[in-house]
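In what follows, a single structure is set out as structure tokens and then discussed.
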Amino acid sequence: MIHIVTGEYPPMAGGVGGYTAQLASALVEQGQPVHVWTGGDDGAEDEDGVTVHRVAGRFRPRDLAGLEREMNSIPGARRILVQWTPHSFAARGLNLAFPIWLWKRAAAGKDRVEVIVHEAFIAFGEGNWRRRAAAVVQRAMAAALLRASSKVWVTIPKWEERLRPWTFGKNIPFEWLPVPSNIPAVANVGEIVQIRRELTGFHHPLIGHFGTFRTDVESLLFPALLELEVSRAVFLLIGRGSQEARRWILTRRPEMTDRIFATGELDSGAVAANLSACDVLLQPYPDGISTRRGSAMAALSLGVPVVTNLGALSETFWSNTGAIALAGSSSACDLAAETLDLLEDHARRIQMSGEGRDLYQDRFHIRHTVAALLRTEVPRGGIRSLTVGAR
């Protein structure tokens, strides 16, 4: 029996929550009984075959005591998959009580604890003394979590590099588990045509961006969009935070009113249609494209050409695939130049569309995640390689 513990779950917004719901449903389809444990106090209910327990409150010590009673009331051996990002378990990302609770359960022999790492911990040297202190606490959290864990699944290989020292010599197997898209891989053609008609009149290229418009991404995206103002393109911002981002841009460039649009938060089907309506997606990332980026996975699955950049967390294979267009750097000039080059090369966009779909289906689809989690023999000795050759 699989128990998934997560700080986010629908209807709460968030990429980790969407991933968890998708994973739980896929496991149920393979005949696995799945219980999801998350915050709240609404009790348990069946959601499409997944038993969701909203009983963990805010994951405080008294909440964890209640969670323990509820979890122990379910008979049978427990395999616990923890969806780990420190900030999702309340306490401003400083909830040391939660990993210690897991450690105690594992030490008592009650459970096999495995962790899926979406974020490791915040970096040292960023911000003021409070942030530096938080970085110390989050490393203590990681050490306790690793002490509890029998297996660590990492969404990017760099997480093993950062976490391995905090195992303090414990022999824990790490394995790479890329994040699949939680957006449908097929969009409604009628909706796509309507979006292009309304935004471009079929006379202009459409450049999109999909995300949550965090400040660190905006610092790369906005200058690149302003560089692209000289083009004939129309711009579409997609997702939660997009309307606020549009207003910010228009305070500086009010003349772009008729050329930049925003969707706001959408359901997954509408996201797929808006993404598919774009000629190119401009997806810069401060730490580079990687297999933890659900927005990039969504574009690949739909076959939408993507312009992006490498960075500190990027996997090496991205340099050897034609499924994405890599700018020379994350600078506005390089991102804009690569976007313009791609807009002018229709044949390349068609090729990228096919290669993106193939890459996604061959490597990143949710079925690969489920197959890895349900293997009877777990590989040891480090992350299994993911080889993607140039096409």
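In the structure tokens, the first chain shown is A, the next is B, and so on; residue numbers restart at 1 for each chain, and ligands run from 1 in the order shown.
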Please identify which residues in segment 279-388 of chain A DSSP calls helix (DSSP H, G or I) from the backbone, and express them as an NGL selection string.
:A and (294-302 or 316-320 or 332-343 or 346-364 or 366-373)
Which residues are close to segment 337-345 of chain A, i.e. within 8 Å by only C-alpha atoms, leaving aside same-chain residues fewer than 6 positions away? Reply as a ChimeraX atom specification.
/A:205,228,231,279-280,282,307,325-327
Output file for the selection above: N, CA and C atoms, as an mmCIF file, in the first residue's frame:
```cif
data_model
loop_
_atom_site.group_PDB
_atom_site.id
_atom_site.type_symbol
_atom_site.label_atom_id
_atom_site.label_comp_id
_atom_site.auth_asym_id
_atom_site.auth_seq_id
_atom_site.Cartn_x
_atom_site.Cartn_y
_atom_site.Cartn_z
ATOM 1 N N PRO A 205 2.870 36.603 -35.529
ATOM 2 C CA PRO A 205 3.304 35.460 -34.716
ATOM 3 C C PRO A 205 2.923 35.679 -33.255
ATOM 4 N N LEU A 228 11.956 42.233 -27.653
ATOM 5 C CA LEU A 228 11.176 41.712 -28.776
ATOM 6 C C LEU A 228 10.085 42.670 -29.232
ATOM 7 N N SER A 231 9.675 43.532 -32.865
ATOM 8 C CA SER A 231 9.157 42.539 -33.810
ATOM 9 C C SER A 231 7.667 42.792 -34.053
ATOM 10 N N ASP A 279 3.252 30.189 -31.411
ATOM 11 C CA ASP A 279 4.282 29.762 -32.355
ATOM 12 C C ASP A 279 5.549 29.349 -31.619
ATOM 13 N N VAL A 280 5.857 30.091 -30.564
ATOM 14 C CA VAL A 280 7.065 29.852 -29.776
ATOM 15 C C VAL A 280 6.743 30.175 -28.323
ATOM 16 N N LEU A 282 8.667 31.351 -24.874
ATOM 17 C CA LEU A 282 9.910 31.889 -24.325
ATOM 18 C C LEU A 282 9.940 31.546 -22.844
ATOM 19 N N VAL A 307 12.104 28.329 -26.521
ATOM 20 C CA VAL A 307 13.393 29.002 -26.394
ATOM 21 C C VAL A 307 13.698 29.115 -24.913
ATOM 22 N N ALA A 325 15.301 25.137 -28.292
ATOM 23 C CA ALA A 325 16.228 26.132 -28.839
ATOM 24 C C ALA A 325 16.930 26.809 -27.668
ATOM 25 N N LEU A 326 18.239 26.669 -27.611
ATOM 26 C CA LEU A 326 19.005 27.225 -26.501
ATOM 27 C C LEU A 326 19.609 28.568 -26.879
ATOM 28 N N ALA A 327 19.277 29.585 -26.083
ATOM 29 C CA ALA A 327 19.928 30.885 -26.250
ATOM 30 C C ALA A 327 21.366 30.787 -25.753
#
```
Give one line per residue of segment 67-183 of chain A that approaches segment 11-32 of chain A to at most 8 Å, naming the two atoms of the closest pair and their distance in Å to one decimal, counting only C-alpha atoms; sort by chain then ascending residue number and deliver it as JSON lines.
```
{"residue": "A:Gln83", "atom": "CA", "partner": "A:Val16", "partner_atom": "CA", "distance": 7.4}
{"residue": "A:His118", "atom": "CA", "partner": "A:Val16", "partner_atom": "CA", "distance": 7.7}
{"residue": "A:Val179", "atom": "CA", "partner": "A:Tyr19", "partner_atom": "CA", "distance": 7.6}
{"residue": "A:Pro180", "atom": "CA", "partner": "A:Tyr19", "partner_atom": "CA", "distance": 7.6}
{"residue": "A:Ser181", "atom": "CA", "partner": "A:Tyr19", "partner_atom": "CA", "distance": 7.9}
{"residue": "A:Asn182", "atom": "CA", "partner": "A:Tyr19", "partner_atom": "CA", "distance": 6.3}
```
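Distances to Val370 of chain A were evaluated for A:Gly328, A:Gly76, A:Pro178, A:Gly211 using only C-alpha atoms, and the minimum falls at A:Pro178.
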Where does DSSP see strand (DSSP E or B) in segment 24-227 of chain A, if you list the residues as a VMD selection string?
chain A and resid 34 to 38 40 43 to 47 50 to 54 57 78 to 84 111 to 117 149 to 154 174 to 176 206 to 210
Hey, can you check how far atom CA of Leu225 of chain A sits from atom CA of Ala332 of chain A?
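Rounded to one decimal, the two atoms are 7.9 Å apart.
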For segment 131-141 of chain A, please output as a VMD selection string all residues within 7 Å (counting only C-alpha atoms; exclusion window: fewer than 6 positions along the same chain).
chain A and resid 94 96 99 121 to 125
Go ahead and dump the residues you just picked, C-alpha atoms, as an mmCIF file, in the first residue's frame.
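Result went into selection-v1.cif, see below:
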```
data_model
loop_
_atom_site.group_PDB
_atom_site.id
_atom_site.type_symbol
_atom_site.label_atom_id
_atom_site.label_comp_id
_atom_site.auth_asym_id
_atom_site.auth_seq_id
_atom_site.Cartn_x
_atom_site.Cartn_y
_atom_site.Cartn_z
ATOM 1 C CA LEU A 94 11.440 25.774 8.744
ATOM 2 C CA LEU A 96 12.063 20.641 11.525
ATOM 3 C CA PRO A 99 11.245 15.268 9.083
ATOM 4 C CA PHE A 121 17.097 23.684 0.433
ATOM 5 C CA ILE A 122 17.765 27.355 -0.092
ATOM 6 C CA ALA A 123 21.311 28.379 -0.913
ATOM 7 C CA PHE A 124 23.764 29.876 1.552
ATOM 8 C CA GLY A 125 24.810 33.458 0.948
#
```
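Between atom CA of Arg232 of chain A and atom CA of Glu265 of chain A there is a distance of 26.4 Å.
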Within 7 Å of Gln283 of chain A, counting only C-alpha atoms, which residues show up once you throw out same-chain ones fewer than 2 positions away? Write them as a PDB file with C-alpha atoms, in the first residue's frame, please.
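Final output, around-v2.pdb:
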```
ATOM      1  CA  HIS A 209       5.253  32.299 -21.681  1.00  0.00           C
ATOM      2  CA  LEU A 281       7.255  29.740 -25.982  1.00  0.00           C
ATOM      3  CA  TYR A 285      14.933  30.018 -16.021  1.00  0.00           C
ATOM      4  CA  VAL A 306      10.633  26.426 -26.694  1.00  0.00           C
ATOM      5  CA  VAL A 307      13.393  29.002 -26.394  1.00  0.00           C
ATOM      6  CA  THR A 308      15.228  28.670 -23.097  1.00  0.00           C
TER       7      THR A 308
END
```
